[in-house]
>>> print(open('entry08.txt').read())   # compact mmCIF, C-alpha atoms
# COMPACT_ATOMS: atom_id res chain seq x y z
CA MET A 1 -0.54 36.21 18.55
CA ARG A 2 -0.83 38.38 15.45
CA ILE A 3 -1.49 36.82 12.03
CA SER A 4 2.14 37.43 11.00
CA GLU A 5 3.46 35.38 13.91
CA LEU A 6 0.83 32.70 13.28
CA GLY A 7 2.04 32.44 9.69
CA ARG A 8 5.69 32.27 10.73
CA ARG A 9 5.07 29.52 13.30
CA ALA A 10 2.88 27.46 10.96
CA GLY A 11 5.22 27.99 7.99
CA ILE A 12 2.33 29.34 5.89
CA PRO A 13 2.21 32.75 4.10
CA VAL A 14 -0.27 35.26 5.54
CA ALA A 15 -2.07 35.52 2.18
CA THR A 16 -2.69 31.75 2.28
CA ILE A 17 -4.03 31.97 5.85
CA LYS A 18 -6.49 34.66 4.71
CA TYR A 19 -7.54 32.42 1.84
CA TYR A 20 -8.19 29.54 4.27
CA GLN A 21 -10.29 31.91 6.41
CA ARG A 22 -12.39 32.99 3.45
CA GLU A 23 -12.90 29.29 2.63
CA GLY A 24 -14.10 28.63 6.18
CA LEU A 25 -11.24 26.23 7.00
CA LEU A 26 -9.91 28.33 9.89
CA PRO A 27 -12.07 29.89 12.63
CA PRO A 28 -11.78 33.70 12.95
CA GLY A 29 -9.41 35.19 15.50
CA VAL A 30 -10.56 37.35 18.44
CA SER A 31 -10.98 40.98 17.28
CA THR A 32 -8.77 43.28 19.36
CA ALA A 33 -9.15 46.41 17.20
CA PRO A 34 -10.63 47.22 13.77
CA ARG A 35 -8.81 45.08 11.20
CA ARG A 36 -6.74 43.39 13.89
CA ALA A 37 -7.30 39.96 15.42
CA ASP A 38 -5.62 37.74 17.93
CA TYR A 39 -4.91 34.05 17.26
CA GLY A 40 -4.13 31.20 19.60
CA GLU A 41 -2.87 27.61 19.72
CA VAL A 42 -6.16 26.34 18.26
CA HIS A 43 -5.48 28.30 15.07
CA LEU A 44 -1.87 27.17 14.92
CA HIS A 45 -2.90 23.54 15.33
CA ARG A 46 -5.56 23.86 12.63
CA LEU A 47 -3.07 25.38 10.19
CA ARG A 48 -0.56 22.59 10.86
CA LEU A 49 -3.31 20.07 10.22
CA ILE A 50 -4.23 21.73 6.91
CA ARG A 51 -0.56 21.80 5.92
CA THR A 52 -0.23 18.09 6.69
CA LEU A 53 -3.32 17.28 4.64
CA ARG A 54 -2.01 19.36 1.73
CA GLU A 55 1.70 18.50 1.77
CA VAL A 56 1.87 15.02 3.25
CA GLY A 57 -1.51 13.80 2.07
CA GLY A 58 -1.49 15.64 -1.25
CA LEU A 59 -5.18 16.51 -0.73
CA GLU A 60 -6.69 19.17 -2.97
CA ILE A 61 -8.56 22.01 -1.21
CA GLU A 62 -11.99 20.45 -1.76
CA ARG A 63 -11.02 17.31 0.15
CA VAL A 64 -9.37 19.40 2.89
CA ARG A 65 -12.72 21.17 3.26
CA ARG A 66 -14.54 17.84 3.67
CA VAL A 67 -12.06 16.63 6.29
CA ILE A 68 -12.33 19.90 8.28
CA ALA A 69 -16.13 19.73 8.06
CA ALA A 70 -16.00 16.19 9.48
CA ILE A 71 -13.76 17.35 12.34
CA ASP A 72 -15.98 20.36 13.11
CA ALA A 73 -19.27 18.43 12.92
CA ASP A 74 -20.71 18.04 16.41
CA ASP A 75 -23.40 15.55 15.49
CA VAL A 76 -21.12 12.64 14.65
CA THR A 77 -21.81 9.61 16.81
CA ARG A 78 -18.94 7.33 17.68
CA HIS A 79 -20.48 4.70 15.48
CA ASP A 80 -20.44 6.93 12.35
CA LEU A 81 -16.94 8.16 13.03
CA PHE A 82 -15.00 5.94 10.71
CA GLY A 83 -17.45 6.24 7.83
CA VAL A 84 -17.37 10.04 8.07
CA THR A 85 -13.57 10.07 8.15
CA ALA A 86 -13.15 7.57 5.34
CA ARG A 87 -15.62 9.41 3.11
CA ALA A 88 -13.97 12.79 3.74
CA LEU A 89 -10.60 11.41 2.64
CA GLU A 90 -11.87 9.71 -0.49
CA PRO A 91 -11.73 11.15 -3.99
CA ILE A 92 -15.09 11.98 -5.54
CA PRO A 93 -16.18 8.91 -7.54
CA PRO A 94 -16.04 9.25 -11.35
CA VAL A 95 -19.42 9.39 -13.08
CA ASP A 96 -18.31 7.74 -16.34
CA GLU A 97 -19.39 4.20 -17.06
CA PRO A 98 -16.17 2.14 -16.59
CA PRO A 99 -14.80 -0.07 -19.40
CA VAL A 100 -15.59 -3.80 -19.37
CA ASP A 101 -12.27 -4.94 -17.86
CA VAL A 102 -12.71 -2.49 -14.95
CA ARG A 103 -16.27 -3.71 -14.32
CA ILE A 104 -15.06 -7.32 -14.26
CA ALA A 105 -12.23 -6.45 -11.86
CA ARG A 106 -14.66 -4.64 -9.53
CA GLY A 107 -16.75 -7.80 -9.31
CA GLU A 108 -13.65 -9.81 -8.44
CA VAL A 109 -12.66 -7.30 -5.74
CA ASP A 110 -16.15 -7.42 -4.21
CA GLU A 111 -15.88 -11.19 -4.07
CA PHE A 112 -12.40 -10.98 -2.50
CA VAL A 113 -13.64 -8.59 0.22
CA GLU A 114 -16.60 -10.83 0.98
CA GLN A 115 -14.47 -13.98 1.20
CA ARG A 116 -12.12 -12.15 3.51
CA GLY A 117 -15.07 -11.32 5.76
CA TRP A 118 -14.23 -7.60 5.81
CA GLN A 119 -17.05 -5.16 6.54
CA VAL A 120 -16.36 -2.39 3.99
CA ARG A 121 -18.89 0.09 2.57
CA ALA A 122 -20.20 -0.99 -0.85
CA ASP A 123 -19.23 2.38 -2.33
CA ALA A 124 -15.78 2.64 -0.66
CA ALA A 125 -13.13 4.18 -2.93
CA SER A 126 -10.70 1.47 -1.79
CA ARG A 127 -12.73 -1.09 -3.75
CA ARG A 128 -12.39 0.93 -6.96
CA GLU A 129 -8.68 1.50 -6.33
CA LEU A 130 -8.00 -2.21 -5.93
CA ALA A 131 -9.89 -2.93 -9.15
CA ASP A 132 -7.99 -0.19 -11.01
CA ALA A 133 -4.67 -1.61 -9.82
CA LEU A 134 -5.64 -5.10 -11.00
CA VAL A 135 -6.62 -3.70 -14.41
CA ALA A 136 -3.35 -1.74 -14.68
CA LEU A 137 -1.36 -4.93 -14.01
CA ARG A 138 -3.37 -6.90 -16.56
CA ARG A 139 -3.05 -4.22 -19.24
CA LEU A 140 0.73 -4.48 -18.75
CA GLY A 141 0.58 -8.19 -19.43
CA ARG A 142 0.53 -9.50 -15.85
CA ASP A 143 -2.54 -11.64 -15.71
CA TYR A 144 -3.04 -11.78 -11.95
CA GLY A 145 -6.16 -12.62 -10.02
CA THR A 146 -7.12 -11.32 -6.59
CA GLU A 147 -4.99 -14.05 -4.94
CA ILE A 148 -2.08 -11.63 -5.53
CA PHE A 149 -3.60 -9.42 -2.79
CA GLY A 150 -3.12 -12.16 -0.15
CA PRO A 151 0.20 -11.21 1.49
CA TYR A 152 -0.70 -7.50 1.41
CA ALA A 153 -4.13 -8.11 2.90
CA ASP A 154 -2.54 -10.16 5.70
CA ALA A 155 -0.10 -7.32 6.45
CA ALA A 156 -2.87 -4.69 6.24
CA ASP A 157 -5.04 -6.74 8.57
CA ARG A 158 -2.34 -6.98 11.24
CA MET A 159 -1.49 -3.27 10.97
CA ALA A 160 -5.11 -2.09 11.10
CA ALA A 161 -5.93 -4.25 14.11
CA TRP A 162 -2.99 -2.67 15.91
CA GLU A 163 -3.83 0.87 14.75
CA VAL A 164 -7.44 0.76 15.86
CA ARG A 165 -6.38 -0.29 19.35
CA THR A 166 -4.27 2.89 19.65
CA ILE A 167 -7.29 5.26 19.46
CA PRO A 168 -7.98 6.24 23.06
CA ALA A 169 -11.51 5.49 24.28
CA GLY A 170 -13.76 8.37 25.24
CA VAL A 171 -12.11 11.17 23.22
CA GLU A 172 -14.36 13.75 21.59
CA PRO A 173 -15.55 12.86 18.07
CA GLY A 174 -13.68 15.79 16.48
CA VAL A 175 -10.43 14.76 18.13
CA ALA A 176 -10.95 11.14 17.14
CA VAL A 177 -11.64 12.12 13.51
CA GLU A 178 -8.47 14.20 13.44
CA ARG A 179 -6.45 11.31 14.88
CA MET A 180 -7.83 8.93 12.27
CA VAL A 181 -7.21 11.31 9.37
CA VAL A 182 -3.68 12.11 10.44
CA GLY A 183 -3.01 8.46 11.19
CA THR A 184 -4.30 7.32 7.82
CA ILE A 185 -2.32 9.91 5.85
CA ILE A 186 0.96 10.04 7.74
CA PHE A 187 1.24 6.34 8.49
CA GLU A 188 0.52 5.59 4.84
CA ARG A 189 3.62 7.62 4.01
CA ILE A 190 5.60 5.89 6.75
CA LEU A 191 4.55 2.46 5.54
CA ASN A 192 5.38 3.25 1.91
CA ALA A 193 8.82 4.63 2.83
CA LEU A 194 9.58 1.60 5.00
CA ARG A 195 8.45 -0.75 2.23
CA ARG A 196 10.83 0.90 -0.25
CA MET A 197 13.66 0.61 2.27
CA ALA A 198 12.90 -3.04 2.90
CA GLN A 199 12.74 -3.67 -0.88
CA GLU A 200 16.10 -1.99 -1.34
CA HIS A 201 17.59 -4.09 1.44
CA HIS A 202 16.18 -7.43 0.26
CA SER A 203 16.88 -6.73 -3.43
CA GLY A 204 20.49 -5.90 -2.58
CA GLU A 205 20.84 -9.21 -0.76
CA VAL A 206 19.29 -11.28 -3.53
CA LEU A 207 21.04 -9.49 -6.40
CA SER A 208 24.48 -9.64 -4.80
CA ARG A 209 24.06 -13.35 -4.20
CA SER A 210 22.99 -14.07 -7.76
CA SER A 211 25.70 -11.92 -9.40
CA GLY A 212 28.49 -12.86 -6.95
CA MET B 1 -1.30 -0.08 -36.55
CA ARG B 2 -1.80 3.61 -37.23
CA ILE B 3 -1.29 6.23 -34.52
CA SER B 4 -5.07 6.73 -34.18
CA GLU B 5 -5.60 3.05 -33.36
CA LEU B 6 -2.61 3.09 -31.02
CA GLY B 7 -4.16 6.01 -29.14
CA ARG B 8 -7.53 4.33 -28.95
CA ARG B 9 -6.12 1.06 -27.62
CA ALA B 10 -3.86 2.80 -25.07
CA GLY B 11 -6.58 5.25 -24.03
CA ILE B 12 -4.29 8.22 -24.78
CA PRO B 13 -5.04 11.16 -27.13
CA VAL B 14 -2.93 11.28 -30.31
CA ALA B 15 -1.63 14.76 -29.40
CA THR B 16 -0.28 13.33 -26.12
CA ILE B 17 1.39 10.44 -27.96
CA LYS B 18 3.13 12.95 -30.24
CA TYR B 19 4.26 14.89 -27.18
CA TYR B 20 5.74 11.70 -25.65
CA GLN B 21 7.57 11.06 -28.93
CA ARG B 22 9.07 14.55 -28.97
CA GLU B 23 10.16 13.96 -25.35
CA GLY B 24 11.88 10.71 -26.37
CA LEU B 25 9.66 8.52 -24.18
CA LEU B 26 8.29 6.48 -27.08
CA PRO B 27 10.42 4.99 -29.88
CA PRO B 28 9.45 6.12 -33.41
CA GLY B 29 7.14 3.96 -35.52
CA VAL B 30 8.20 2.34 -38.81
CA SER B 31 7.75 4.86 -41.65
CA THR B 32 5.38 3.48 -44.28
CA ALA B 33 4.87 6.69 -46.28
CA PRO B 34 5.73 10.37 -45.82
CA ARG B 35 4.10 11.54 -42.55
CA ARG B 36 2.73 8.07 -41.87
CA ALA B 37 4.14 5.48 -39.50
CA ASP B 38 3.24 2.02 -38.32
CA TYR B 39 3.19 1.07 -34.62
CA GLY B 40 3.27 -2.31 -32.90
CA GLU B 41 2.76 -4.03 -29.54
CA VAL B 42 6.03 -2.55 -28.23
CA HIS B 43 4.61 0.95 -28.59
CA LEU B 44 1.30 -0.02 -27.04
CA HIS B 45 3.06 -1.58 -24.05
CA ARG B 46 5.26 1.48 -23.59
CA LEU B 47 2.24 3.81 -23.65
CA ARG B 48 0.43 1.66 -21.09
CA LEU B 49 3.51 1.79 -18.89
CA ILE B 50 3.68 5.60 -19.17
CA ARG B 51 -0.01 5.84 -18.37
CA THR B 52 0.46 3.66 -15.28
CA LEU B 53 3.39 5.78 -14.11
CA ARG B 54 1.39 8.96 -14.64
CA GLU B 55 -2.06 7.93 -13.41
CA VAL B 56 -1.40 5.22 -10.85
CA GLY B 57 2.00 6.46 -9.68
CA GLY B 58 1.22 10.17 -10.02
CA LEU B 59 4.70 10.71 -11.48
CA GLU B 60 5.41 14.03 -13.15
CA ILE B 61 6.89 13.85 -16.67
CA GLU B 62 10.48 14.37 -15.48
CA ARG B 63 10.35 11.26 -13.30
CA VAL B 64 8.67 9.28 -16.08
CA ARG B 65 11.64 10.25 -18.26
CA ARG B 66 14.11 8.93 -15.66
CA VAL B 67 12.22 5.65 -15.30
CA ILE B 68 12.10 5.13 -19.08
CA ALA B 69 15.80 5.97 -19.34
CA ALA B 70 16.53 3.30 -16.68
CA ILE B 71 14.45 0.74 -18.60
CA ASP B 72 16.14 1.59 -21.93
CA ALA B 73 19.70 1.64 -20.52
CA ASP B 74 21.61 -1.41 -21.76
CA ASP B 75 24.60 -1.01 -19.45
CA VAL B 76 22.82 -1.78 -16.20
CA THR B 77 24.34 -4.75 -14.41
CA ARG B 78 22.10 -6.95 -12.33
CA HIS B 79 23.81 -5.63 -9.24
CA ASP B 80 22.99 -1.95 -10.00
CA LEU B 81 19.44 -2.76 -10.96
CA PHE B 82 17.68 -1.85 -7.77
CA GLY B 83 19.65 1.35 -7.19
CA VAL B 84 18.87 2.54 -10.72
CA THR B 85 15.19 1.77 -10.30
CA ALA B 86 14.91 3.31 -6.85
CA ARG B 87 16.69 6.48 -7.93
CA ALA B 88 14.53 6.86 -11.05
CA LEU B 89 11.37 6.71 -8.93
CA GLU B 90 12.54 9.17 -6.30
CA PRO B 91 11.71 12.86 -6.18
CA ILE B 92 14.64 15.20 -6.71
CA PRO B 93 16.03 16.08 -3.26
CA PRO B 94 15.38 19.63 -2.03
CA VAL B 95 18.44 21.89 -1.88
CA ASP B 96 17.27 24.03 1.07
CA GLU B 97 18.88 23.52 4.45
CA PRO B 98 16.17 21.76 6.51
CA PRO B 99 14.90 23.23 9.82
CA VAL B 100 16.37 21.94 13.09
CA ASP B 101 13.53 19.53 13.93
CA VAL B 102 13.86 17.90 10.49
CA ARG B 103 17.63 17.51 10.90
CA ILE B 104 17.12 15.87 14.29
CA ALA B 105 14.50 13.50 12.88
CA ARG B 106 16.82 12.51 10.02
CA GLY B 107 19.47 11.50 12.55
CA GLU B 108 16.93 9.39 14.39
CA VAL B 109 15.83 7.70 11.15
CA ASP B 110 19.44 6.91 10.23
CA GLU B 111 19.89 5.31 13.62
CA PHE B 112 16.66 3.32 13.22
CA VAL B 113 17.75 1.98 9.82
CA GLU B 114 21.14 1.00 11.18
CA GLN B 115 19.67 -0.76 14.21
CA ARG B 116 17.33 -2.63 11.93
CA GLY B 117 20.35 -3.79 9.90
CA TRP B 118 18.82 -2.62 6.60
CA GLN B 119 21.20 -1.84 3.75
CA VAL B 120 19.70 1.38 2.34
CA ARG B 121 21.55 4.09 0.36
CA ALA B 122 22.61 7.03 2.54
CA ASP B 123 20.84 9.46 0.17
CA ALA B 124 17.64 7.40 -0.31
CA ALA B 125 14.48 9.55 -0.46
CA SER B 126 12.77 7.04 1.83
CA ARG B 127 14.99 8.24 4.71
CA ARG B 128 13.88 11.84 4.20
CA GLU B 129 10.24 10.79 3.87
CA LEU B 130 10.31 8.92 7.18
CA ALA B 131 11.89 11.92 8.90
CA ASP B 132 9.30 14.30 7.39
CA ALA B 133 6.47 12.07 8.60
CA LEU B 134 7.91 12.01 12.13
CA VAL B 135 8.19 15.82 12.10
CA ALA B 136 4.61 16.20 10.84
CA LEU B 137 3.35 14.01 13.70
CA ARG B 138 5.36 15.97 16.27
CA ARG B 139 4.20 19.34 14.95
CA LEU B 140 0.63 18.09 15.45
CA GLY B 141 1.42 17.32 19.08
CA ARG B 142 2.12 13.61 18.83
CA ASP B 143 5.54 13.26 20.31
CA TYR B 144 6.51 9.88 18.89
CA GLY B 145 9.96 8.38 18.51
CA THR B 146 11.07 5.94 15.82
CA GLU B 147 9.70 3.03 17.91
CA ILE B 148 6.35 3.93 16.30
CA PHE B 149 7.75 2.54 13.01
CA GLY B 150 8.10 -0.96 14.50
CA PRO B 151 4.89 -2.70 13.39
CA TYR B 152 5.07 -1.08 9.94
CA ALA B 153 8.71 -2.03 9.48
CA ASP B 154 7.90 -5.64 10.41
CA ALA B 155 5.09 -5.71 7.85
CA ALA B 156 7.27 -4.02 5.20
CA ASP B 157 10.05 -6.51 5.86
CA ARG B 158 7.80 -9.52 5.34
CA MET B 159 6.24 -8.05 2.19
CA ALA B 160 9.55 -7.04 0.61
CA ALA B 161 11.15 -10.42 1.27
CA TRP B 162 8.20 -12.02 -0.50
CA GLU B 163 8.21 -9.48 -3.37
CA VAL B 164 11.89 -9.86 -4.16
CA ARG B 165 11.50 -13.62 -4.48
CA THR B 166 8.88 -13.11 -7.22
CA ILE B 167 11.34 -11.47 -9.66
CA PRO B 168 12.28 -14.26 -12.07
CA ALA B 169 16.01 -14.99 -12.33
CA GLY B 170 17.75 -14.36 -15.65
CA VAL B 171 15.37 -11.79 -17.16
CA GLU B 172 16.89 -8.91 -19.14
CA PRO B 173 17.77 -5.83 -17.05
CA GLY B 174 15.21 -3.62 -18.85
CA VAL B 175 12.44 -6.11 -18.19
CA ALA B 176 13.52 -6.48 -14.56
CA VAL B 177 13.56 -2.69 -14.07
CA GLU B 178 10.08 -2.43 -15.53
CA ARG B 179 8.83 -5.21 -13.25
CA MET B 180 10.30 -3.47 -10.21
CA VAL B 181 8.90 -0.06 -11.13
CA VAL B 182 5.43 -1.38 -11.83
CA GLY B 183 5.58 -3.58 -8.74
CA THR B 184 6.62 -0.69 -6.53
CA ILE B 185 3.97 1.70 -7.83
CA ILE B 186 0.98 -0.57 -8.31
CA PHE B 187 1.48 -2.69 -5.22
CA GLU B 188 1.87 0.47 -3.16
CA ARG B 189 -1.62 1.42 -4.28
CA ILE B 190 -2.88 -2.09 -3.59
CA LEU B 191 -1.38 -2.08 -0.11
CA ASN B 192 -2.79 1.35 0.72
CA ALA B 193 -6.27 0.41 -0.48
CA LEU B 194 -6.19 -2.84 1.51
CA ARG B 195 -4.99 -1.00 4.60
CA ARG B 196 -7.92 1.43 4.38
CA MET B 197 -10.30 -1.49 3.98
CA ALA B 198 -8.82 -3.28 6.96
CA GLN B 199 -9.01 -0.06 9.02
CA GLU B 200 -12.64 0.37 8.09
CA HIS B 201 -13.37 -3.22 9.07
CA HIS B 202 -11.52 -3.15 12.39
CA SER B 203 -12.78 0.35 13.34
CA GLY B 204 -16.33 -0.75 12.70
CA GLU B 205 -15.85 -3.74 14.98
CA VAL B 206 -14.29 -1.71 17.81
CA LEU B 207 -16.64 1.27 17.54
CA SER B 208 -19.79 -0.88 17.46
CA ARG B 209 -18.61 -2.72 20.54
CA SER B 210 -17.84 0.45 22.49
CA SER B 211 -21.05 2.28 21.50
CA GLY B 212 -23.36 -0.76 21.77
>>> encode(input="entry08.txt", output="structure tokens")
Amino acid sequence: MRISELGRRAGIPVATIKYYQREGLLPPGVSTAPRRADYGEVHLHRLRLIRTLREVGGLEIERVRRVIAAIDADDVTRHDLFGVTARALEPIPPVDEPPVDVRIARGEVDEFVEQRGWQVRADAASRRELADALVALRRLGRDYGTEIFGPYADAADRMAAWEVRTIPAGVEPGVAVERMVVGTIIFERILNALRRMAQEHHSGEVLSRSSG
Amino acid sequence: MRISELGRRAGIPVATIKYYQREGLLPPGVSTAPRRADYGEVHLHRLRLIRTLREVGGLEIERVRRVIAAIDADDVTRHDLFGVTARALEPIPPVDEPPVDVRIARGEVDEFVEQRGWQVRADAASRRELADALVALRRLGRDYGTEIFGPYADAADRMAAWEVRTIPAGVEPGVAVERMVVGTIIFERILNALRRMAQEHHSGEVLSRSSG
């Protein structure tokens, strides 16, 4: 197909597609004449993936680049797969020395992860995010410890065990990375939307009872 | 305290504090002299709340304004509380007519919510978000139905039932709204971080087994 049709089917302006090509996010089309190229389903799929990363995942272009690089890498062993994916999705760590309350919270999170028996990279962004959340709660006057994570960690554990089982064995690394990235981003949105629904439902029940 | 100390303690530049005041997000300080005002713990708490909404929740200033308005409203009955909070946190709905596949997915989500027996507003943003996620998956070639929501809905249900029980009875509406907003935003981050940790842990286990 021509670039105009590619853009129409992917829902992305042609100028943006050309920008993605210059950035190396989209492989070139097959030249059919000077200044004319032909695109196929591979290009359409790649554009839909980029759009999902941008619009659903809210990823800035630099992180999109890292995710695409992880998908295109052909030297990823199955064992490295998750680390590569997780790192590509993570924000770049801040270089500033964190304030004291953040440092304390990070120590508590590390202890929580260890007690839980979870194998998580020492530099995983998820550790910093948990600590930041704990600090935000405390600064707002809610003096919680990591025991507040309990019910969420139990739910996360059940979900992750189920999710990992759904990755088919024997798929190519690039395909597996894409599945993991899409799964992480889209199912995060699904989970958050369902949680807000469930909160609305349960709050309605409790509040009607107490005001009725 | 003076505005400079307020800024230092809240971690917010004085120019930003003045901007929040002009926008009506922060109540004025007590005038102690011409062009000088005194601020207290109420102001510090409000600034920390705004910072959480902005940095942890990623809320643009217009949504921060709606959340603050909900917290400051003194005519909220306990029964309306959740609706007010949920609406304040939601993005403004798009006015464009959605494409066919999105319309179909919205119908499926409505059916899913009804079958589940959840009481959720007909115009809740969470319904649209679920439909958008389903469409994103399908456009990437994963032809799932709403049955894919099952394990996440079960987890969300358990978490929400637990969360709603933690709101103390008899608190003022403004305090309850703030608790709900902060709970929704910060615990969403906590849940997402824990899910990524659990995925990393379980993937590592499965991948080492299959490659070893």
>>> residues_near_point(input="entry08.txt", point="(-7.4, 3.9, -29.5)", cutoff="12 Å", atoms="only C-alpha atoms", output="count of residues only")
18
>>> atom_distance(input="entry08.txt", atom1="CA of Arg46 (chain A)", atom2="CA of Arg142 (chain B)")
14.2 Å
>>> closest_residue(input="entry08.txt", among="A:Val120, A:Val135, A:Val177, A:Ala88", to="chain B", atoms="only C-alpha atoms")
A:Val120
>>> closest_atom_pairs(input="entry08.txt", of="chain A", to="chain B", cutoff="8 Å", atoms="only C-alpha atoms", output="JSON lines")
{"residue": "A:His45", "atom": "CA", "partner": "B:Leu140", "partner_atom": "CA", "distance": 6.5}
{"residue": "A:Arg48", "atom": "CA", "partner": "B:Leu140", "partner_atom": "CA", "distance": 6.5}
{"residue": "A:Leu49", "atom": "CA", "partner": "B:Leu140", "partner_atom": "CA", "distance": 6.8}
{"residue": "A:Thr52", "atom": "CA", "partner": "B:Ala136", "partner_atom": "CA", "distance": 6.6}
{"residue": "A:Val56", "atom": "CA", "partner": "B:Ala133", "partner_atom": "CA", "distance": 7.6}
{"residue": "A:Arg78", "atom": "CA", "partner": "B:Leu207", "partner_atom": "CA", "distance": 6.5}
{"residue": "A:His79", "atom": "CA", "partner": "B:Leu207", "partner_atom": "CA", "distance": 5.5}
{"residue": "A:Phe82", "atom": "CA", "partner": "B:Ser203", "partner_atom": "CA", "distance": 6.6}
{"residue": "A:Gly83", "atom": "CA", "partner": "B:Glu200", "partner_atom": "CA", "distance": 7.6}
{"residue": "A:Ala86", "atom": "CA", "partner": "B:Glu200", "partner_atom": "CA", "distance": 7.7}
{"residue": "A:Trp118", "atom": "CA", "partner": "B:His201", "partner_atom": "CA", "distance": 5.5}
{"residue": "A:Gln119", "atom": "CA", "partner": "B:His201", "partner_atom": "CA", "distance": 4.9}
{"residue": "A:Val120", "atom": "CA", "partner": "B:His201", "partner_atom": "CA", "distance": 6.0}
{"residue": "A:Ser126", "atom": "CA", "partner": "B:Ala193", "partner_atom": "CA", "distance": 4.7}
{"residue": "A:Arg127", "atom": "CA", "partner": "B:Ala193", "partner_atom": "CA", "distance": 7.4}
{"residue": "A:Glu129", "atom": "CA", "partner": "B:Ala193", "partner_atom": "CA", "distance": 6.4}
{"residue": "A:Leu130", "atom": "CA", "partner": "B:Ile190", "partner_atom": "CA", "distance": 5.6}
{"residue": "A:Ala133", "atom": "CA", "partner": "B:Ile186", "partner_atom": "CA", "distance": 5.9}
{"residue": "A:Ala136", "atom": "CA", "partner": "B:Thr52", "partner_atom": "CA", "distance": 6.6}
{"residue": "A:Leu137", "atom": "CA", "partner": "B:Ile186", "partner_atom": "CA", "distance": 7.5}
{"residue": "A:Arg139", "atom": "CA", "partner": "B:Arg48", "partner_atom": "CA", "distance": 7.1}
{"residue": "A:Leu140", "atom": "CA", "partner": "B:His45", "partner_atom": "CA", "distance": 6.5}
{"residue": "A:Phe149", "atom": "CA", "partner": "B:Ile190", "partner_atom": "CA", "distance": 7.4}
{"residue": "A:Pro151", "atom": "CA", "partner": "B:Met159", "partner_atom": "CA", "distance": 6.9}
{"residue": "A:Tyr152", "atom": "CA", "partner": "B:Leu191", "partner_atom": "CA", "distance": 5.7}
{"residue": "A:Ala153", "atom": "CA", "partner": "B:Leu194", "partner_atom": "CA", "distance": 5.8}
{"residue": "A:Ala155", "atom": "CA", "partner": "B:Ala155", "partner_atom": "CA", "distance": 5.6}
{"residue": "A:Ala156", "atom": "CA", "partner": "B:Arg195", "partner_atom": "CA", "distance": 4.6}
{"residue": "A:Asp157", "atom": "CA", "partner": "B:Ala198", "partner_atom": "CA", "distance": 5.4}
{"residue": "A:Met159", "atom": "CA", "partner": "B:Pro151", "partner_atom": "CA", "distance": 6.8}
{"residue": "A:Ala160", "atom": "CA", "partner": "B:Gln199", "partner_atom": "CA", "distance": 4.9}
{"residue": "A:Ala161", "atom": "CA", "partner": "B:His202", "partner_atom": "CA", "distance": 6.0}
{"residue": "A:Glu163", "atom": "CA", "partner": "B:Gln199", "partner_atom": "CA", "distance": 7.8}
{"residue": "A:Val164", "atom": "CA", "partner": "B:Ser203", "partner_atom": "CA", "distance": 5.9}
{"residue": "A:Val182", "atom": "CA", "partner": "B:Leu137", "partner_atom": "CA", "distance": 8.0}
{"residue": "A:Thr184", "atom": "CA", "partner": "B:Arg196", "partner_atom": "CA", "distance": 7.7}
{"residue": "A:Ile186", "atom": "CA", "partner": "B:Ala133", "partner_atom": "CA", "distance": 5.9}
{"residue": "A:Phe187", "atom": "CA", "partner": "B:Ala133", "partner_atom": "CA", "distance": 7.8}
{"residue": "A:Glu188", "atom": "CA", "partner": "B:Asn192", "partner_atom": "CA", "distance": 6.8}
{"residue": "A:Arg189", "atom": "CA", "partner": "B:Ala133", "partner_atom": "CA", "distance": 7.0}
{"residue": "A:Ile190", "atom": "CA", "partner": "B:Leu130", "partner_atom": "CA", "distance": 5.6}
{"residue": "A:Leu191", "atom": "CA", "partner": "B:Tyr152", "partner_atom": "CA", "distance": 5.7}
{"residue": "A:Asn192", "atom": "CA", "partner": "B:Glu188", "partner_atom": "CA", "distance": 6.8}
{"residue": "A:Ala193", "atom": "CA", "partner": "B:Ser126", "partner_atom": "CA", "distance": 4.7}
{"residue": "A:Leu194", "atom": "CA", "partner": "B:Ala153", "partner_atom": "CA", "distance": 5.8}
{"residue": "A:Arg195", "atom": "CA", "partner": "B:Ala156", "partner_atom": "CA", "distance": 4.6}
{"residue": "A:Arg196", "atom": "CA", "partner": "B:Ser126", "partner_atom": "CA", "distance": 6.8}
{"residue": "A:Met197", "atom": "CA", "partner": "B:Val120", "partner_atom": "CA", "distance": 6.1}
{"residue": "A:Ala198", "atom": "CA", "partner": "B:Asp157", "partner_atom": "CA", "distance": 5.4}
{"residue": "A:Gln199", "atom": "CA", "partner": "B:Ala160", "partner_atom": "CA", "distance": 4.9}
{"residue": "A:Glu200", "atom": "CA", "partner": "B:Val120", "partner_atom": "CA", "distance": 6.2}
{"residue": "A:His201", "atom": "CA", "partner": "B:Gln119", "partner_atom": "CA", "distance": 4.8}
{"residue": "A:His202", "atom": "CA", "partner": "B:Ala161", "partner_atom": "CA", "distance": 5.9}
{"residue": "A:Ser203", "atom": "CA", "partner": "B:Val164", "partner_atom": "CA", "distance": 5.9}
{"residue": "A:Gly204", "atom": "CA", "partner": "B:Phe82", "partner_atom": "CA", "distance": 7.2}
{"residue": "A:Val206", "atom": "CA", "partner": "B:Val164", "partner_atom": "CA", "distance": 7.6}
{"residue": "A:Leu207", "atom": "CA", "partner": "B:His79", "partner_atom": "CA", "distance": 5.5}
{"residue": "A:Ser208", "atom": "CA", "partner": "B:His79", "partner_atom": "CA", "distance": 6.0}
{"residue": "A:Ser211", "atom": "CA", "partner": "B:His79", "partner_atom": "CA", "distance": 6.6}
>>> atom_distance(input="entry08.txt", atom1="CA of Glu62 (chain A)", atom2="CA of Glu23 (chain A)")
9.9 Å
